[in-house]
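Colleague: What follows is the file protein-v5.csv, containing CSV, N, CA and C atoms:
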chain,number,residue,atom,x,y,z
Y,34,MET,N,2.0,-57.4,-32.0
Y,34,MET,CA,2.6,-56.1,-32.0
Y,34,MET,C,3.9,-56.2,-32.8
Y,35,ARG,N,4.3,-55.1,-33.3
Y,35,ARG,CA,5.6,-55.0,-34.1
Y,35,ARG,C,6.8,-54.9,-33.2
Y,36,ILE,N,7.9,-55.1,-33.7
Y,36,ILE,CA,9.2,-55.1,-32.9
Y,36,ILE,C,9.5,-53.8,-32.3
Y,37,GLY,N,9.2,-52.7,-33.0
Y,37,GLY,CA,9.4,-51.4,-32.4
Y,37,GLY,C,8.5,-51.1,-31.2
Y,38,GLU,N,7.3,-51.5,-31.3
Y,38,GLU,CA,6.4,-51.4,-30.1
Y,38,GLU,C,6.8,-52.2,-29.0
Y,39,LEU,N,7.3,-53.5,-29.2
Y,39,LEU,CA,7.8,-54.3,-28.2
Y,39,LEU,C,9.0,-53.7,-27.5
Y,40,ALA,N,9.9,-53.1,-28.3
Y,40,ALA,CA,11.1,-52.5,-27.8
Y,40,ALA,C,10.7,-51.3,-26.9
Y,41,ALA,N,9.7,-50.5,-27.4
Y,41,ALA,CA,9.3,-49.4,-26.6
Y,41,ALA,C,8.6,-49.8,-25.3
Y,42,ARG,N,7.8,-50.9,-25.3
Y,42,ARG,CA,7.1,-51.3,-24.1
Y,42,ARG,C,8.1,-52.0,-23.1
Y,43,THR,N,9.2,-52.5,-23.6
Y,43,THR,CA,10.1,-53.3,-22.6
Y,43,THR,C,11.4,-52.5,-22.3
Y,44,GLY,N,11.7,-51.5,-23.1
Y,44,GLY,CA,13.0,-50.8,-22.9
Y,44,GLY,C,14.2,-51.6,-23.4
Y,45,VAL,N,13.9,-52.6,-24.2
Y,45,VAL,CA,14.9,-53.5,-24.8
Y,45,VAL,C,15.1,-53.1,-26.3
Y,46,SER,N,16.3,-53.0,-26.7
Y,46,SER,CA,16.6,-52.6,-28.1
Y,46,SER,C,16.0,-53.6,-29.1
Y,47,VAL,N,15.7,-53.1,-30.3
Y,47,VAL,CA,15.3,-53.9,-31.4
Y,47,VAL,C,16.3,-55.0,-31.7
Y,48,ARG,N,17.6,-54.6,-31.7
Y,48,ARG,CA,18.7,-55.5,-32.0
Y,48,ARG,C,18.7,-56.7,-30.9
Y,49,LEU,N,18.5,-56.3,-29.7
Y,49,LEU,CA,18.5,-57.4,-28.6
Y,49,LEU,C,17.3,-58.3,-28.8
Y,50,LEU,N,16.1,-57.7,-29.1
Y,50,LEU,CA,15.0,-58.5,-29.4
Y,50,LEU,C,15.2,-59.5,-30.5
Y,51,ARG,N,15.9,-59.1,-31.6
Y,51,ARG,CA,16.2,-60.0,-32.7
Y,51,ARG,C,17.1,-61.1,-32.2
Y,52,TYR,N,18.1,-60.7,-31.3
Y,52,TYR,CA,19.0,-61.7,-30.8
Y,52,TYR,C,18.2,-62.8,-30.0
Y,53,TYR,N,17.3,-62.3,-29.1
Y,53,TYR,CA,16.5,-63.2,-28.4
Y,53,TYR,C,15.7,-64.2,-29.3
Y,54,GLU,N,15.3,-63.7,-30.4
Y,54,GLU,CA,14.6,-64.5,-31.3
Y,54,GLU,C,15.5,-65.5,-32.0
Y,55,GLU,N,16.7,-65.1,-32.4
Y,55,GLU,CA,17.7,-66.0,-32.9
Y,55,GLU,C,18.1,-67.1,-32.0
Y,56,GLN,N,18.1,-66.8,-30.7
Y,56,GLN,CA,18.5,-67.8,-29.7
Y,56,GLN,C,17.3,-68.7,-29.3
Y,57,GLY,N,16.2,-68.5,-29.9
Y,57,GLY,CA,15.0,-69.3,-29.6
Y,57,GLY,C,14.3,-69.0,-28.3
Y,58,LEU,N,14.5,-67.7,-27.8
Y,58,LEU,CA,13.9,-67.3,-26.5
Y,58,LEU,C,12.6,-66.6,-26.8
Y,59,LEU,N,12.4,-66.0,-27.9
Y,59,LEU,CA,11.3,-65.1,-28.2
Y,59,LEU,C,10.8,-65.5,-29.6
Y,60,GLU,N,9.5,-65.7,-29.6
Y,60,GLU,CA,8.9,-66.2,-30.9
Y,60,GLU,C,8.1,-65.0,-31.6
Y,61,ALA,N,8.4,-64.9,-32.9
Y,61,ALA,CA,7.8,-63.9,-33.7
Y,61,ALA,C,7.1,-64.7,-34.9
Y,62,HIS,N,6.0,-64.1,-35.3
Y,62,HIS,CA,5.3,-64.6,-36.5
Y,62,HIS,C,5.5,-63.6,-37.6
Y,63,ARG,N,5.6,-64.2,-38.8
Y,63,ARG,CA,5.7,-63.3,-40.0
Y,63,ARG,C,4.5,-63.5,-40.9
Y,64,PRO,N,3.5,-62.6,-40.8
Y,64,PRO,CA,2.4,-62.7,-41.7
Y,64,PRO,C,2.8,-62.4,-43.2
Y,65,GLU,N,1.9,-62.3,-44.0
Y,65,GLU,CA,2.2,-62.1,-45.5
Y,65,GLU,C,3.1,-60.9,-45.7
Y,66,GLY,N,3.0,-59.8,-45.0
Y,66,GLY,CA,3.9,-58.7,-45.2
Y,66,GLY,C,5.3,-58.9,-44.9
Y,67,GLY,N,5.6,-59.9,-44.1
Y,67,GLY,CA,7.0,-60.3,-43.7
Y,67,GLY,C,7.5,-59.6,-42.5
Y,68,HIS,N,6.7,-58.6,-41.9
Y,68,HIS,CA,7.2,-58.0,-40.7
Y,68,HIS,C,7.0,-58.9,-39.5
Y,69,ARG,N,7.9,-58.8,-38.6
Y,69,ARG,CA,7.7,-59.6,-37.3
Y,69,ARG,C,6.5,-59.1,-36.6
Y,70,ARG,N,5.8,-60.0,-36.0
Y,70,ARG,CA,4.7,-59.7,-35.1
Y,70,ARG,C,4.8,-60.6,-33.9
Y,71,TYR,N,4.7,-60.0,-32.8
Y,71,TYR,CA,4.8,-60.7,-31.5
Y,71,TYR,C,3.5,-60.8,-30.8
Y,72,GLY,N,3.3,-61.8,-30.1
Y,72,GLY,CA,2.0,-62.0,-29.3
Y,72,GLY,C,1.9,-61.0,-28.2
Y,73,GLU,N,0.7,-60.9,-27.6
Y,73,GLU,CA,0.5,-60.0,-26.5
Y,73,GLU,C,1.3,-60.4,-25.3
Y,74,ASP,N,1.7,-61.6,-25.2
Y,74,ASP,CA,2.5,-62.0,-24.0
Y,74,ASP,C,4.0,-61.7,-24.2
Y,75,ALA,N,4.4,-61.2,-25.3
Y,75,ALA,CA,5.8,-60.9,-25.6
Y,75,ALA,C,6.5,-60.0,-24.5
Y,76,PRO,N,5.8,-58.9,-24.1
Y,76,PRO,CA,6.5,-58.1,-23.0
Y,76,PRO,C,6.8,-58.9,-21.8
Y,77,THR,N,5.9,-59.8,-21.4
Y,77,THR,CA,6.1,-60.6,-20.2
Y,77,THR,C,7.3,-61.6,-20.4
Y,78,VAL,N,7.3,-62.2,-21.6
Y,78,VAL,CA,8.4,-63.1,-22.0
Y,78,VAL,C,9.7,-62.3,-21.9
Y,79,VAL,N,9.8,-61.1,-22.5
Y,79,VAL,CA,11.0,-60.3,-22.5
Y,79,VAL,C,11.4,-60.0,-21.0
Y,80,ARG,N,10.5,-59.6,-20.2
Y,80,ARG,CA,10.8,-59.3,-18.8
Y,80,ARG,C,11.4,-60.6,-18.1
Y,81,ASN,N,10.8,-61.7,-18.4
Y,81,ASN,CA,11.3,-63.0,-17.8
Y,81,ASN,C,12.7,-63.3,-18.3
Y,82,ILE,N,12.9,-63.1,-19.6
Y,82,ILE,CA,14.3,-63.3,-20.1
Y,82,ILE,C,15.3,-62.4,-19.4
Y,83,ARG,N,14.9,-61.1,-19.3
Y,83,ARG,CA,15.8,-60.2,-18.6
Y,83,ARG,C,16.1,-60.6,-17.2
Y,84,ALA,N,15.1,-61.1,-16.5
Y,84,ALA,CA,15.3,-61.5,-15.1
Y,84,ALA,C,16.2,-62.7,-15.0
Y,85,LEU,N,16.0,-63.6,-15.9
Y,85,LEU,CA,16.9,-64.8,-15.9
Y,85,LEU,C,18.3,-64.5,-16.3
Y,86,LEU,N,18.5,-63.6,-17.2
Y,86,LEU,CA,19.8,-63.1,-17.6
Y,86,LEU,C,20.5,-62.5,-16.4
Y,87,GLY,N,19.7,-61.6,-15.7
Y,87,GLY,CA,20.2,-60.9,-14.5
Y,87,GLY,C,20.6,-61.9,-13.4
Y,88,ALA,N,20.0,-63.1,-13.4
Y,88,ALA,CA,20.3,-64.1,-12.4
Y,88,ALA,C,21.5,-64.9,-12.8
Y,89,GLY,N,22.1,-64.6,-13.9
Y,89,GLY,CA,23.3,-65.2,-14.3
Y,89,GLY,C,23.1,-66.4,-15.2
Y,90,LEU,N,21.9,-66.7,-15.7
Y,90,LEU,CA,21.7,-67.8,-16.6
Y,90,LEU,C,22.1,-67.5,-18.0
Y,91,SER,N,22.7,-68.4,-18.7
Y,91,SER,CA,23.0,-68.3,-20.1
Y,91,SER,C,21.8,-68.4,-21.0
Y,92,THR,N,21.9,-67.9,-22.2
Y,92,THR,CA,20.7,-68.0,-23.1
Y,92,THR,C,20.3,-69.4,-23.3
Y,93,GLY,N,21.3,-70.3,-23.3
Y,93,GLY,CA,21.0,-71.8,-23.5
Y,93,GLY,C,20.2,-72.3,-22.3
Y,94,ALA,N,20.6,-71.9,-21.1
Y,94,ALA,CA,19.8,-72.4,-19.9
Y,94,ALA,C,18.5,-71.7,-19.9
Y,95,ILE,N,18.4,-70.5,-20.3
Y,95,ILE,CA,17.1,-69.8,-20.4
Y,95,ILE,C,16.2,-70.5,-21.4
Y,96,ARG,N,16.7,-70.9,-22.5
Y,96,ARG,CA,15.9,-71.6,-23.5
Y,96,ARG,C,15.2,-72.8,-22.8
Y,97,ASP,N,15.9,-73.5,-21.9
Y,97,ASP,CA,15.4,-74.7,-21.3
Y,97,ASP,C,14.4,-74.3,-20.2
Y,98,VAL,N,14.7,-73.2,-19.5
Y,98,VAL,CA,13.9,-72.9,-18.3
Y,98,VAL,C,12.6,-72.1,-18.7
Y,99,LEU,N,12.7,-71.3,-19.7
Y,99,LEU,CA,11.6,-70.3,-20.1
Y,99,LEU,C,10.3,-71.0,-20.2
Y,100,PRO,N,10.2,-72.2,-20.8
Y,100,PRO,CA,8.8,-72.8,-20.9
Y,100,PRO,C,8.2,-73.1,-19.6
Y,101,CYS,N,9.0,-73.1,-18.5
Y,101,CYS,CA,8.5,-73.4,-17.2
Y,101,CYS,C,8.3,-72.2,-16.3
Y,102,VAL,N,8.4,-71.0,-16.9
Y,102,VAL,CA,8.2,-69.8,-16.2
Y,102,VAL,C,6.8,-69.2,-16.5
Y,103,ASP,N,6.1,-68.9,-15.4
Y,103,ASP,CA,4.7,-68.4,-15.6
Y,103,ASP,C,4.8,-66.8,-15.8
Y,104,GLY,N,3.7,-66.2,-16.0
Y,104,GLY,CA,3.6,-64.8,-16.3
Y,104,GLY,C,4.1,-63.9,-15.2
Y,105,ASP,N,4.2,-64.4,-14.0
Y,105,ASP,CA,4.7,-63.6,-12.9
Y,105,ASP,C,6.2,-63.8,-12.7
Y,106,GLY,N,6.8,-64.7,-13.5
Y,106,GLY,CA,8.2,-64.9,-13.4
Y,106,GLY,C,8.6,-66.1,-12.5
Y,107,ALA,N,7.6,-66.7,-11.9
Y,107,ALA,CA,7.9,-67.9,-11.1
Y,107,ALA,C,8.2,-69.1,-11.9
Y,108,VAL,N,9.3,-69.8,-11.5
Y,108,VAL,CA,9.7,-71.0,-12.2
Y,108,VAL,C,9.1,-72.2,-11.6
Y,109,ALA,N,8.6,-73.1,-12.4
Y,109,ALA,CA,8.0,-74.4,-12.0
Y,109,ALA,C,9.0,-75.3,-11.3
Y,110,PRO,N,8.6,-76.1,-10.4
Y,110,PRO,CA,9.5,-77.0,-9.7
Y,110,PRO,C,10.3,-77.9,-10.6
Y,111,CYS,N,9.8,-78.2,-11.8
Y,111,CYS,CA,10.5,-79.1,-12.7
Y,111,CYS,C,11.9,-78.6,-13.1
Y,112,MET,N,12.1,-77.3,-13.0
Y,112,MET,CA,13.4,-76.7,-13.3
Y,112,MET,C,14.3,-76.5,-12.1
Y,113,LEU,N,13.9,-76.9,-11.0
Y,113,LEU,CA,14.6,-76.7,-9.7
Y,113,LEU,C,16.0,-77.3,-9.8
Y,114,GLU,N,16.2,-78.5,-10.4
Y,114,GLU,CA,17.5,-79.1,-10.5
Y,114,GLU,C,18.5,-78.2,-11.3
Y,115,VAL,N,18.0,-77.7,-12.4
Y,115,VAL,CA,18.8,-76.9,-13.3
Y,115,VAL,C,19.2,-75.6,-12.6
Y,116,LEU,N,18.3,-75.0,-11.9
Y,116,LEU,CA,18.6,-73.7,-11.2
Y,116,LEU,C,19.5,-74.0,-10.0
Y,117,GLU,N,19.4,-75.1,-9.3
Y,117,GLU,CA,20.2,-75.5,-8.2
Y,117,GLU,C,21.7,-75.7,-8.7
Y,118,GLN,N,21.8,-76.3,-9.9
Y,118,GLN,CA,23.1,-76.6,-10.4
Y,118,GLN,C,23.8,-75.2,-10.7
Y,119,ARG,N,23.1,-74.3,-11.3
Y,119,ARG,CA,23.6,-73.0,-11.6
Y,119,ARG,C,24.0,-72.2,-10.3
Y,120,LEU,N,23.2,-72.4,-9.3
Y,120,LEU,CA,23.5,-71.8,-8.0
Y,120,LEU,C,24.8,-72.4,-7.4
Y,121,ASP,N,24.9,-73.7,-7.5
Y,121,ASP,CA,26.2,-74.3,-7.0
Y,121,ASP,C,27.4,-73.8,-7.8
Y,122,LEU,N,27.2,-73.6,-9.1
Y,122,LEU,CA,28.3,-73.1,-9.9
Y,122,LEU,C,28.7,-71.7,-9.5
Y,123,LEU,N,27.7,-70.9,-9.2
Y,123,LEU,CA,28.0,-69.5,-8.8
Y,123,LEU,C,28.7,-69.5,-7.4
Y,124,ASP,N,28.3,-70.4,-6.5
Y,124,ASP,CA,28.9,-70.5,-5.2
Y,124,ASP,C,30.4,-70.9,-5.4
Y,125,ARG,N,30.7,-71.8,-6.2
Y,125,ARG,CA,32.1,-72.3,-6.5
Y,125,ARG,C,32.9,-71.1,-7.0
Y,126,GLN,N,32.3,-70.4,-8.0
Y,126,GLN,CA,33.0,-69.2,-8.6
Y,126,GLN,C,33.3,-68.2,-7.6
Y,127,MET,N,32.3,-67.9,-6.7
Y,127,MET,CA,32.5,-66.9,-5.6
Y,127,MET,C,33.6,-67.3,-4.7
Y,128,LEU,N,33.7,-68.6,-4.3
Y,128,LEU,CA,34.8,-69.1,-3.5
Y,128,LEU,C,36.1,-68.9,-4.2
Y,129,SER,N,36.2,-69.2,-5.4
Y,129,SER,CA,37.4,-69.1,-6.2
Y,129,SER,C,37.8,-67.6,-6.3
Y,130,LEU,N,36.9,-66.7,-6.6
Y,130,LEU,CA,37.2,-65.3,-6.6
Y,130,LEU,C,37.6,-64.8,-5.3
Y,131,GLY,N,37.0,-65.3,-4.2
Y,131,GLY,CA,37.5,-64.9,-2.9
Y,131,GLY,C,38.9,-65.2,-2.6
Y,132,ALA,N,39.3,-66.5,-3.0
Y,132,ALA,CA,40.7,-66.9,-2.8
Y,132,ALA,C,41.6,-66.1,-3.7
Y,133,SER,N,41.2,-65.8,-4.9
Y,133,SER,CA,42.0,-65.0,-5.8
Y,133,SER,C,42.2,-63.6,-5.2
Y,134,ARG,N,41.1,-63.0,-4.7
Y,134,ARG,CA,41.2,-61.7,-4.1
Y,134,ARG,C,42.2,-61.7,-2.9
Y,135,ALA,N,42.1,-62.7,-2.1
Y,135,ALA,CA,42.9,-62.7,-0.9
Y,135,ALA,C,44.4,-62.8,-1.3
Y,136,ALA,N,44.7,-63.6,-2.3
Y,136,ALA,CA,46.1,-63.8,-2.8
Y,136,ALA,C,46.6,-62.4,-3.4
Y,137,LEU,N,45.7,-61.8,-4.1
Y,137,LEU,CA,46.1,-60.5,-4.7
Y,137,LEU,C,46.3,-59.4,-3.6
Y,138,ALA,N,45.4,-59.4,-2.6
Y,138,ALA,CA,45.6,-58.5,-1.5
Y,138,ALA,C,46.9,-58.7,-0.8
Y,139,GLY,N,47.3,-59.9,-0.7
Y,139,GLY,CA,48.6,-60.2,0.0
Y,139,GLY,C,49.8,-59.7,-0.8
Y,140,ILE,N,49.7,-59.8,-2.2
Y,140,ILE,CA,50.7,-59.3,-3.0
Y,140,ILE,C,50.8,-57.8,-3.0
Y,141,VAL,N,49.6,-57.2,-3.0
Y,141,VAL,CA,49.6,-55.7,-2.9
Y,141,VAL,C,50.2,-55.2,-1.6
Y,142,GLU,N,49.8,-55.9,-0.5
Y,142,GLU,CA,50.3,-55.5,0.8
Y,142,GLU,C,51.8,-55.6,0.9
Y,143,ALA,N,52.3,-56.7,0.3
Y,143,ALA,CA,53.8,-56.9,0.3
Y,143,ALA,C,54.5,-55.8,-0.5
Y,144,ALA,N,53.9,-55.5,-1.6
Y,144,ALA,CA,54.5,-54.4,-2.5
Y,144,ALA,C,54.4,-53.1,-1.8
Y,145,ARG,N,53.4,-52.8,-1.0
Y,145,ARG,CA,53.3,-51.6,-0.2
Y,145,ARG,C,54.4,-51.5,0.8
Y,146,ARG,N,54.7,-52.6,1.5
Y,146,ARG,CA,55.7,-52.6,2.5
Y,146,ARG,C,57.1,-52.4,1.9
Y,147,GLU,N,57.3,-52.8,0.7
Y,147,GLU,CA,58.6,-52.6,0.0
Y,147,GLU,C,58.7,-51.3,-0.7
Y,148,ALA,N,57.6,-50.6,-0.9
Y,148,ALA,CA,57.6,-49.3,-1.6
Y,148,ALA,C,58.3,-48.2,-0.8
Y,149,PRO,N,59.1,-47.4,-1.4
Y,149,PRO,CA,59.8,-46.3,-0.7
Y,149,PRO,C,58.8,-45.3,-0.1
Y,150,VAL,N,59.1,-44.8,1.0
Y,150,VAL,CA,58.3,-43.8,1.7
Y,150,VAL,C,58.6,-42.5,1.1
Y,151,PRO,N,57.5,-41.8,0.6
Y,151,PRO,CA,57.7,-40.4,0.0
Y,151,PRO,C,58.3,-39.4,1.1
Y,152,ALA,N,59.1,-38.6,0.6
Y,152,ALA,CA,59.8,-37.6,1.5
Y,152,ALA,C,58.9,-36.4,1.8
Here is a file; write its structure as structure tokens.

Modeller:
Amino acid sequence: MRIGELAARTGVSVRLLRYYEEQGLLEAHRPEGGHRRYGEDAPTVVRNIRALLGAGLSTGAIRDVLPCVDGDGAVAPCMLEVLEQRLDLLDRQMLSLGASRAALAGIVEAARREAPVPA
């Protein structure tokens, strides 16, 4: 299928599909005419890419994980360590954000106590 058809079937822009191809996430073939042609599995691959991006994986991580993803989006156990590492990173980031939020909330509360009361 051509890139326009793939974009229509997946709801992903042509520009983004080209980006996925540049990142090594999506494979296109160029027959004699030079136009990109994608395999019948391309819509499934794009859906899997979108799901992995939505889970917070970088395109580099997706490039590693994608060969181990089946058509239903299930990831093979061989990628479990990579996914667990990403999950641990997200947990650490959430803790850090929670601490930052608490500190900022304290600053805001102190500023409110010091603010003049409107007449």

Colleague: Between Y:Thr43, Y:Ser91, Y:Gln56, Y:Ser133, single out the one closest to Val115 of chain Y, counting only C-alpha atoms.

Modeller: Y:Ser91

Colleague: Excluding segment 111-114 of chain Y and any residue of its chain fewer than 3 positions from it, enumerate the residues within 12 Å of it, using only C-alpha atoms, and give them as a list of chain:residue names.

Modeller: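 Everything that qualifies: Y:Ala94, Y:Ile95, Y:Arg96, Y:Asp97, Y:Val98, Y:Leu99, Y:Pro100, Y:Cys101, Y:Val102, Y:Ala107, Y:Val108, Y:Glu117, Y:Gln118, Y:Arg119, Y:Leu120, Y:Asp121.
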
Colleague: Would you save the residues from that selection as a PDB file, keeping the file's coordinate frame, using N, CA and C atoms?

Modeller:
ATOM      1  N   ALA Y  94      20.600 -71.900 -21.100  1.00  0.00           N
ATOM      2  CA  ALA Y  94      19.800 -72.400 -19.900  1.00  0.00           C
ATOM      3  C   ALA Y  94      18.500 -71.700 -19.900  1.00  0.00           C
ATOM      4  N   ILE Y  95      18.400 -70.500 -20.300  1.00  0.00           N
ATOM      5  CA  ILE Y  95      17.100 -69.800 -20.400  1.00  0.00           C
ATOM      6  C   ILE Y  95      16.200 -70.500 -21.400  1.00  0.00           C
ATOM      7  N   ARG Y  96      16.700 -70.900 -22.500  1.00  0.00           N
ATOM      8  CA  ARG Y  96      15.900 -71.600 -23.500  1.00  0.00           C
ATOM      9  C   ARG Y  96      15.200 -72.800 -22.800  1.00  0.00           C
ATOM     10  N   ASP Y  97      15.900 -73.500 -21.900  1.00  0.00           N
ATOM     11  CA  ASP Y  97      15.400 -74.700 -21.300  1.00  0.00           C
ATOM     12  C   ASP Y  97      14.400 -74.300 -20.200  1.00  0.00           C
ATOM     13  N   VAL Y  98      14.700 -73.200 -19.500  1.00  0.00           N
ATOM     14  CA  VAL Y  98      13.900 -72.900 -18.300  1.00  0.00           C
ATOM     15  C   VAL Y  98      12.600 -72.100 -18.700  1.00  0.00           C
ATOM     16  N   LEU Y  99      12.700 -71.300 -19.700  1.00  0.00           N
ATOM     17  CA  LEU Y  99      11.600 -70.300 -20.100  1.00  0.00           C
ATOM     18  C   LEU Y  99      10.300 -71.000 -20.200  1.00  0.00           C
ATOM     19  N   PRO Y 100      10.200 -72.200 -20.800  1.00  0.00           N
ATOM     20  CA  PRO Y 100       8.800 -72.800 -20.900  1.00  0.00           C
ATOM     21  C   PRO Y 100       8.200 -73.100 -19.600  1.00  0.00           C
ATOM     22  N   CYS Y 101       9.000 -73.100 -18.500  1.00  0.00           N
ATOM     23  CA  CYS Y 101       8.500 -73.400 -17.200  1.00  0.00           C
ATOM     24  C   CYS Y 101       8.300 -72.200 -16.300  1.00  0.00           C
ATOM     25  N   VAL Y 102       8.400 -71.000 -16.900  1.00  0.00           N
ATOM     26  CA  VAL Y 102       8.200 -69.800 -16.200  1.00  0.00           C
ATOM     27  C   VAL Y 102       6.800 -69.200 -16.500  1.00  0.00           C
ATOM     28  N   ALA Y 107       7.600 -66.700 -11.900  1.00  0.00           N
ATOM     29  CA  ALA Y 107       7.900 -67.900 -11.100  1.00  0.00           C
ATOM     30  C   ALA Y 107       8.200 -69.100 -11.900  1.00  0.00           C
ATOM     31  N   VAL Y 108       9.300 -69.800 -11.500  1.00  0.00           N
ATOM     32  CA  VAL Y 108       9.700 -71.000 -12.200  1.00  0.00           C
ATOM     33  C   VAL Y 108       9.100 -72.200 -11.600  1.00  0.00           C
ATOM     34  N   GLU Y 117      19.400 -75.100  -9.300  1.00  0.00           N
ATOM     35  CA  GLU Y 117      20.200 -75.500  -8.200  1.00  0.00           C
ATOM     36  C   GLU Y 117      21.700 -75.700  -8.700  1.00  0.00           C
ATOM     37  N   GLN Y 118      21.800 -76.300  -9.900  1.00  0.00           N
ATOM     38  CA  GLN Y 118      23.100 -76.600 -10.400  1.00  0.00           C
ATOM     39  C   GLN Y 118      23.800 -75.200 -10.700  1.00  0.00           C
ATOM     40  N   ARG Y 119      23.100 -74.300 -11.300  1.00  0.00           N
ATOM     41  CA  ARG Y 119      23.600 -73.000 -11.600  1.00  0.00           C
ATOM     42  C   ARG Y 119      24.000 -72.200 -10.300  1.00  0.00           C
ATOM     43  N   LEU Y 120      23.200 -72.400  -9.300  1.00  0.00           N
ATOM     44  CA  LEU Y 120      23.500 -71.800  -8.000  1.00  0.00           C
ATOM     45  C   LEU Y 120      24.800 -72.400  -7.400  1.00  0.00           C
ATOM     46  N   ASP Y 121      24.900 -73.700  -7.500  1.00  0.00           N
ATOM     47  CA  ASP Y 121      26.200 -74.300  -7.000  1.00  0.00           C
ATOM     48  C   ASP Y 121      27.400 -73.800  -7.800  1.00  0.00           C
TER      49      ASP Y 121
END

Colleague: Going by DSSP on the backbone, which bits of segment 48-111 of chain Y are strand (DSSP E or B)? Write them as JSON, numbers by chain, please.

Modeller: {"Y": [62, 70, 102, 108]}

Colleague: May I have the residues within 7 Å of Gly72 of chain Y as a list of chain:residue names, using only N, CA and C atoms and disregarding those fewer than 5 positions away in the same chain?

Modeller: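 The residues that qualify are Y:Met34, Y:Glu60, Y:Ala61, Y:His62.
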
Colleague: Any chance you could export the current selection's N, CA and C atoms as a PDB file, keeping the file's coordinate frame?

Modeller:
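File again.pdb, as written:
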ATOM      1  N   MET Y  34       2.000 -57.400 -32.000  1.00  0.00           N
ATOM      2  CA  MET Y  34       2.600 -56.100 -32.000  1.00  0.00           C
ATOM      3  C   MET Y  34       3.900 -56.200 -32.800  1.00  0.00           C
ATOM      4  N   GLU Y  60       9.500 -65.700 -29.600  1.00  0.00           N
ATOM      5  CA  GLU Y  60       8.900 -66.200 -30.900  1.00  0.00           C
ATOM      6  C   GLU Y  60       8.100 -65.000 -31.600  1.00  0.00           C
ATOM      7  N   ALA Y  61       8.400 -64.900 -32.900  1.00  0.00           N
ATOM      8  CA  ALA Y  61       7.800 -63.900 -33.700  1.00  0.00           C
ATOM      9  C   ALA Y  61       7.100 -64.700 -34.900  1.00  0.00           C
ATOM     10  N   HIS Y  62       6.000 -64.100 -35.300  1.00  0.00           N
ATOM     11  CA  HIS Y  62       5.300 -64.600 -36.500  1.00  0.00           C
ATOM     12  C   HIS Y  62       5.500 -63.600 -37.600  1.00  0.00           C
TER      13      HIS Y  62
END

Colleague: Would you compute the distance between atom C of Gln126 of chain Y and atom N of Val141 of chain Y? Give it in Å to one decimal.

Modeller: 20.2 Å

Colleague: Can you measure atom C of Leu39 of chain Y to atom C of Ile82 of chain Y for me? One decimal in Å is fine.

Modeller: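 Computed distance, atom C of Leu39 of chain Y to atom C of Ile82 of chain Y, equals 13.5 Å.
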
Colleague: So the first atom is atom C of Gly139 of chain Y and the second is atom C of Asp124 of chain Y; what is the distance between them in Å, to one decimal place?

Modeller: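 Between atom C of Gly139 of chain Y and atom C of Asp124 of chain Y the gap works out to 22.9 Å.
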
Colleague: Select from chain Y everything DSSP, run on the backbone, classes as alpha helix (DSSP H), then give the selection as a PyMOL selection string.

Modeller: chain Y and resi 36-43+47-55+75-87+92-98+113-147

Colleague: Looking at Y:Ile36, Y:Leu128, Y:Leu116, Y:Ala135, which one is nearest to Tyr53 of chain Y, with distances taken over only C-alpha atoms?

Modeller: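 Of the candidates, the smallest distance to Tyr53 of chain Y is held by Y:Ile36.
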
Colleague: Can you work out which one of Y:Arg42, Y:Thr92, Y:Asn81, Y:Leu122 has the shortest atom-to-atom distance to Gly106 of chain Y, counting all atoms listed in the file?

Modeller: Y:Asn81

Colleague: For each of Y:Leu137, Y:Leu123, Y:Ala109, Y:Leu59, take the minimum atom-to-atom distance to Gly89 of chain Y, counting only C-alpha atoms, then give the residue where this is smallest.

Modeller: Y:Leu123

Colleague: Which one is closest to Asp74 of chain Y: Y:Pro149, Y:Gly44, Y:Gly87, Y:Gly104? Count only C-alpha atoms.

Modeller: Y:Gly104
